[in-house]
Amino acid sequence: MESPRRYLGILGAFARNSLMRDMAFRADFLIECASSVSWALMNVGLYAIIFRHTRMIGHDTGWGRDEFFVFMATTWFVHAIVQALFMPNAEEFSELIRTGNLDFALLKPIDTQFLVSFRKVDWSALSNLLSAGLLLAISLRGLARREPNPLTFDPVTLFLYPFYVMCGVAILYSVMIALASTSIWLGRNQTLYDFWFYITNFSRYPMEIYQRGWGRPLGAFFTFIVPVLVVVNVPARLLAQPLVPRASWEWPLAGFTVVATTGSLAASRWVFQRALASYRSASS
Amino acid sequence: MIARVRVWWTILRIALEDRLVYRGDFALGTLMRFLPIITQIFLWSAIFDALDRGPAGPSRIVGYQFEDMVAYYLLTMLARAFSSMPGLASGIALQIRNGEIKRFLVQPVDLLGFLLLTRVAHKLAYYSVAVGPFALVFFLCRGYFVHGWPDASTIGLFALSLVLSFLLGFFLEACIGLMGFWLLEVGSLLFIYMLLSFFLSGHMFPLDMLPHPWRELVDLLPLKYLAYFPAAVFLDKLGSDEIARGVVVQCVWLAVFIVASRIAFRRGIRRYSAFGG
């Protein structure tokens, strides 16, 4: 990419345009926000019921009620950002290919992946950031006040947590854009959202739940091949559990997450460009 | 009468052929829908793992041991395959909004009858293709049905509850769609219904887990017959009295929504105005 400032300016223009369009239908925007928040509340209700019957998810895993709600809030942070920035664009990408309108994107003097990935922003999806913030604050307060062993916060976490949340966003973006790129070969990929949901569903639970039987190869696949399991697990673990002491595998996993992020972005870029090279436009 | 049956048969046949065009996509989509059960198996396994094992055997949550919980999820997926009506309410509202509904006012075809037959065709096509993926998943998960097959009468009641859940789901969503005569856009109403249905039909967890007074409140609603009730019947979680009462209440709710949909349609067309060609 040539000038990062130029691209930042364009990104700002995309965000403003999307906001103006959303504000033209304010009632619809508010309903969309309320829908997102309602689904979030429903999930809290479900796990509140589950935690009436158990103290922890997994034997001695450390994922008690408040820790799990930190995990859940982290899931919402990551998914709200991905849904706001990339989901509408990935869905539209399939239609651009099918209708041949991708030609217009290719002609523009800007990186095509950037244009295709950021053109629209779904501002209403960001409403879940508020729900996530609130849930995070409540659960961290619970953890800080619990007896015995109240959680003490290390200032390093303030840097590490947002860093790993952004790593998670980048990994999910890579999976999404790679999936959307397959539309060029398939002609149409309307089940993109289904695929996306089924794959990312694995990231929504603590990775300890896969540490048994045939869960082990499954967990390894979704950690090292399609690294969706580190997306929420790494940042949530940093915040919900004390930094010291840590199991021997945790810091290497955090290091691996950085490698996985870089690798995912590079791999998705390669898939996108290979797909573009196969693009033959659509007949008029 | 014969002429009417021939019309119904033709509608059913055309709708069935239409639905079977994309059978490959259908089968793959159905199989994919079972993927979340994998995470549910691991999640519930971890939850039960954290419970203390009692001296009397495996740990239980409201009478469900781990295997029951997985079997429950599979059965609610089957029940939802009967009771969910994708696109029905929004489709009715769209026909009201764009004026397409006027063809039912001039043709000798009843709207609700037509939609019901189309939906039956949709479901028949769905089951004929989905039977493969469903059979495969249930075969792979047969170990979770620890009590084996229930007796013939329970299977009969289970089948009856599934058929009733299909009809209840149809007329309930038809009522929401017919609200389009008054609201034009039923998206928000449908969203509220889906939200409540997902949570209170027992699709996400057995309703026995709900605390007082929510459990009693949910018993008063028709939603539990869309997922929880058929699964609970199959898993023998209800006594014979409860099953009999449940079937009767399900029939009463069905009758309520059939009458409500008829009234809504009759009153709706009185309000309806169609202009232009």
# chains A, B, ... in the order shown; residues from 1 in each chain; ligands from 1

$ select_by_dssp --residues "segment 11-206 of chain B" --states "strand (DSSP E or B)" --output "VMD selection string"
chain B and resid 54 57 61 64

$ select_by_dssp --residues "segment 31-267 of chain B" --states "alpha helix (DSSP H)" --output "PyMOL selection string"
chain B and resi 31-32+35-49+66-83+88-98+103-106+111-140+152-178+180-183+187-200+214-219+228-234+240-267

$ residues_around --residues "Asp122 of chain A" --least-positions-apart "4" --cutoff "9 Å" --atoms "only C-alpha atoms" --output "VMD selection string"
chain A and resid 15 18 to 19 22 83 to 88 126

$ interface_residues --of "chain B" --to "chain A" --cutoff "9 Å" --atoms "only C-alpha atoms" --output "PyMOL selection string"
chain B and resi 29+32-33+35-36+38-39+42-51+61-62+188+191-192+195+199+204-205+209-211

$ residues_around --residues "segment 74-81 of chain A" --least-positions-apart "6" --cutoff "7 Å" --atoms "only C-alpha atoms" --output "PyMOL selection string"
chain A and resi 125-126+128-129+132+165+168-169+204+232+236

$ write_last_selection --atoms "N, CA, C and O atoms" --output "CSV table (one decimal), in the first residue's frame"
chain,number,residue,atom,x,y,z
A,125,ALA,N,-24.0,-2.7,14.3
A,125,ALA,CA,-23.3,-3.9,15.0
A,125,ALA,C,-22.4,-3.5,16.1
A,125,ALA,O,-22.1,-4.3,17.0
A,126,LEU,N,-22.0,-2.2,16.1
A,126,LEU,CA,-21.1,-1.7,17.1
A,126,LEU,C,-21.8,-1.5,18.5
A,126,LEU,O,-21.2,-1.3,19.5
A,128,ASN,N,-23.1,-3.7,20.1
A,128,ASN,CA,-22.7,-4.8,21.0
A,128,ASN,C,-21.4,-4.5,21.8
A,128,ASN,O,-21.1,-5.1,22.8
A,129,LEU,N,-20.6,-3.5,21.3
A,129,LEU,CA,-19.4,-3.0,22.1
A,129,LEU,C,-19.9,-2.5,23.4
A,129,LEU,O,-19.2,-2.7,24.4
A,132,ALA,N,-20.8,-5.4,25.5
A,132,ALA,CA,-19.6,-6.1,25.9
A,132,ALA,C,-18.8,-5.4,27.0
A,132,ALA,O,-18.4,-6.0,28.0
A,165,VAL,N,-7.1,-8.6,21.2
A,165,VAL,CA,-8.5,-8.5,20.6
A,165,VAL,C,-8.3,-8.2,19.1
A,165,VAL,O,-9.0,-8.7,18.2
A,168,GLY,N,-7.3,-11.1,17.2
A,168,GLY,CA,-8.5,-11.9,16.9
A,168,GLY,C,-9.3,-11.4,15.8
A,168,GLY,O,-9.8,-12.2,14.9
A,169,VAL,N,-9.5,-10.1,15.7
A,169,VAL,CA,-10.3,-9.5,14.6
A,169,VAL,C,-9.6,-9.8,13.3
A,169,VAL,O,-10.2,-10.1,12.3
A,204,ARG,N,-16.2,-19.7,20.2
A,204,ARG,CA,-17.0,-19.1,21.3
A,204,ARG,C,-16.9,-19.7,22.6
A,204,ARG,O,-17.6,-19.3,23.5
A,232,VAL,N,-10.5,-15.7,20.7
A,232,VAL,CA,-11.1,-15.2,22.0
A,232,VAL,C,-10.3,-15.7,23.2
A,232,VAL,O,-10.1,-15.0,24.2
A,236,ALA,N,-9.1,-13.3,26.3
A,236,ALA,CA,-10.0,-13.5,27.5
A,236,ALA,C,-9.2,-14.1,28.7
A,236,ALA,O,-9.4,-13.7,29.8

$ residues_around --residues "Ala232 of chain B" --least-positions-apart "6" --cutoff "9 Å" --atoms "only C-alpha atoms" --output "JSON, numbers by chain"
{"B": [72, 75, 158, 206, 238]}

$ write_last_selection --atoms "all heavy atoms" --output "mmCIF file, in the first residue's frame"
data_model
loop_
_atom_site.group_PDB
_atom_site.id
_atom_site.type_symbol
_atom_site.label_atom_id
_atom_site.label_comp_id
_atom_site.auth_asym_id
_atom_site.auth_seq_id
_atom_site.Cartn_x
_atom_site.Cartn_y
_atom_site.Cartn_z
ATOM 1 N N TYR B 72 -31.241 -34.706 23.872
ATOM 2 C CA TYR B 72 -32.255 -33.654 23.887
ATOM 3 C C TYR B 72 -31.992 -32.647 22.757
ATOM 4 O O TYR B 72 -32.906 -32.257 22.021
ATOM 5 C CB TYR B 72 -32.245 -32.945 25.253
ATOM 6 C CG TYR B 72 -33.188 -31.773 25.320
ATOM 7 C CD1 TYR B 72 -34.528 -31.955 25.624
ATOM 8 C CD2 TYR B 72 -32.746 -30.480 25.039
ATOM 9 C CE1 TYR B 72 -35.404 -30.877 25.656
ATOM 10 C CE2 TYR B 72 -33.606 -29.399 25.073
ATOM 11 C CZ TYR B 72 -34.930 -29.602 25.380
ATOM 12 O OH TYR B 72 -35.800 -28.535 25.396
ATOM 13 N N LEU B 75 -32.900 -34.081 19.421
ATOM 14 C CA LEU B 75 -34.355 -34.183 19.234
ATOM 15 C C LEU B 75 -34.991 -32.815 19.029
ATOM 16 O O LEU B 75 -35.950 -32.689 18.262
ATOM 17 C CB LEU B 75 -34.985 -34.894 20.439
ATOM 18 C CG LEU B 75 -34.674 -36.392 20.509
ATOM 19 C CD1 LEU B 75 -34.995 -36.951 21.886
ATOM 20 C CD2 LEU B 75 -35.453 -37.156 19.440
ATOM 21 N N PHE B 158 -44.870 -39.104 20.187
ATOM 22 C CA PHE B 158 -43.797 -38.236 19.693
ATOM 23 C C PHE B 158 -44.132 -37.769 18.266
ATOM 24 O O PHE B 158 -44.044 -36.570 17.959
ATOM 25 C CB PHE B 158 -42.473 -39.015 19.729
ATOM 26 C CG PHE B 158 -41.310 -38.316 19.096
ATOM 27 C CD1 PHE B 158 -40.808 -37.137 19.636
ATOM 28 C CD2 PHE B 158 -40.690 -38.835 17.958
ATOM 29 C CE1 PHE B 158 -39.722 -36.486 19.057
ATOM 30 C CE2 PHE B 158 -39.611 -38.199 17.381
ATOM 31 C CZ PHE B 158 -39.126 -37.024 17.926
ATOM 32 N N PRO B 206 -32.996 -27.520 28.065
ATOM 33 C CA PRO B 206 -34.280 -28.074 28.528
ATOM 34 C C PRO B 206 -34.974 -27.077 29.457
ATOM 35 O O PRO B 206 -34.330 -26.508 30.347
ATOM 36 C CB PRO B 206 -33.867 -29.326 29.311
ATOM 37 C CG PRO B 206 -32.487 -29.635 28.876
ATOM 38 C CD PRO B 206 -31.849 -28.339 28.498
ATOM 39 N N LEU B 238 -41.568 -36.925 30.831
ATOM 40 C CA LEU B 238 -42.885 -36.512 31.309
ATOM 41 C C LEU B 238 -43.695 -37.750 31.677
ATOM 42 O O LEU B 238 -43.587 -38.792 31.013
ATOM 43 C CB LEU B 238 -43.624 -35.715 30.215
ATOM 44 C CG LEU B 238 -42.903 -34.483 29.659
ATOM 45 C CD1 LEU B 238 -43.632 -33.952 28.434
ATOM 46 C CD2 LEU B 238 -42.828 -33.393 30.718
#

$ closest_residue --among "B:Phe138, B:Phe171, B:Phe145, B:Trp214" --to "Ala260 of chain B" --atoms "only C-alpha atoms"
B:Phe171

$ closest_residue --among "B:Ala71, B:Val21, B:Ala89, B:Leu105" --to "Ser273 of chain B" --atoms "only C-alpha atoms"
B:Leu105

$ residues_around --residues "Val131 of chain B" --least-positions-apart "3" --cutoff "12 Å" --atoms "only C-alpha atoms" --output "list of chain:residue names"
B:Arg23, B:Phe26, B:Ala27, B:Leu28, B:Thr30, B:Leu31, B:Leu78, B:Ala81, B:Lys123, B:Leu124, B:Ala125, B:Tyr126, B:Tyr127, B:Ser128, B:Phe134, B:Ala135, B:Leu136, B:Val137, B:Phe138, B:Phe139

$ write_last_selection --atoms "C-alpha atoms" --output "mmCIF file, in the first residue's frame"
data_model
loop_
_atom_site.group_PDB
_atom_site.id
_atom_site.type_symbol
_atom_site.label_atom_id
_atom_site.label_comp_id
_atom_site.auth_asym_id
_atom_site.auth_seq_id
_atom_site.Cartn_x
_atom_site.Cartn_y
_atom_site.Cartn_z
ATOM 1 C CA ARG B 23 -31.628 -30.926 -3.552
ATOM 2 C CA PHE B 26 -30.373 -28.744 0.531
ATOM 3 C CA ALA B 27 -28.567 -31.917 1.700
ATOM 4 C CA LEU B 28 -25.266 -30.113 2.297
ATOM 5 C CA THR B 30 -28.854 -29.773 6.362
ATOM 6 C CA LEU B 31 -25.662 -31.642 7.232
ATOM 7 C CA LEU B 78 -35.658 -32.628 14.711
ATOM 8 C CA ALA B 81 -37.268 -29.122 11.458
ATOM 9 C CA LYS B 123 -41.344 -29.804 4.404
ATOM 10 C CA LEU B 124 -41.859 -33.036 2.402
ATOM 11 C CA ALA B 125 -39.107 -31.986 0.021
ATOM 12 C CA TYR B 126 -36.935 -31.038 2.967
ATOM 13 C CA TYR B 127 -37.477 -34.344 4.774
ATOM 14 C CA SER B 128 -36.957 -36.427 1.634
ATOM 15 C CA PHE B 134 -30.472 -36.731 9.907
ATOM 16 C CA ALA B 135 -30.099 -40.543 9.820
ATOM 17 C CA LEU B 136 -26.312 -40.252 9.600
ATOM 18 C CA VAL B 137 -26.061 -37.872 12.561
ATOM 19 C CA PHE B 138 -28.498 -39.865 14.712
ATOM 20 C CA PHE B 139 -26.623 -43.078 13.848
#

$ residues_around --residues "Thr10 of chain B" --least-positions-apart "6" --cutoff "12 Å" --atoms "only C-alpha atoms" --output "list in words"
Ala3, Arg4, Leu16, Glu17, Phe114, Leu117, Thr118 and Ala121 of chain B

$ atom_distance --atom1 "atom CA of Val146 of chain B" --atom2 "atom CA of Gly132 of chain B"
22.5 Å

$ atom_distance --atom1 "atom CA of Pro58 of chain B" --atom2 "atom CA of Gly62 of chain A"
22.5 Å

$ atom_distance --atom1 "atom CA of Ala275 of chain A" --atom2 "atom CA of Thr261 of chain A"
20.9 Å
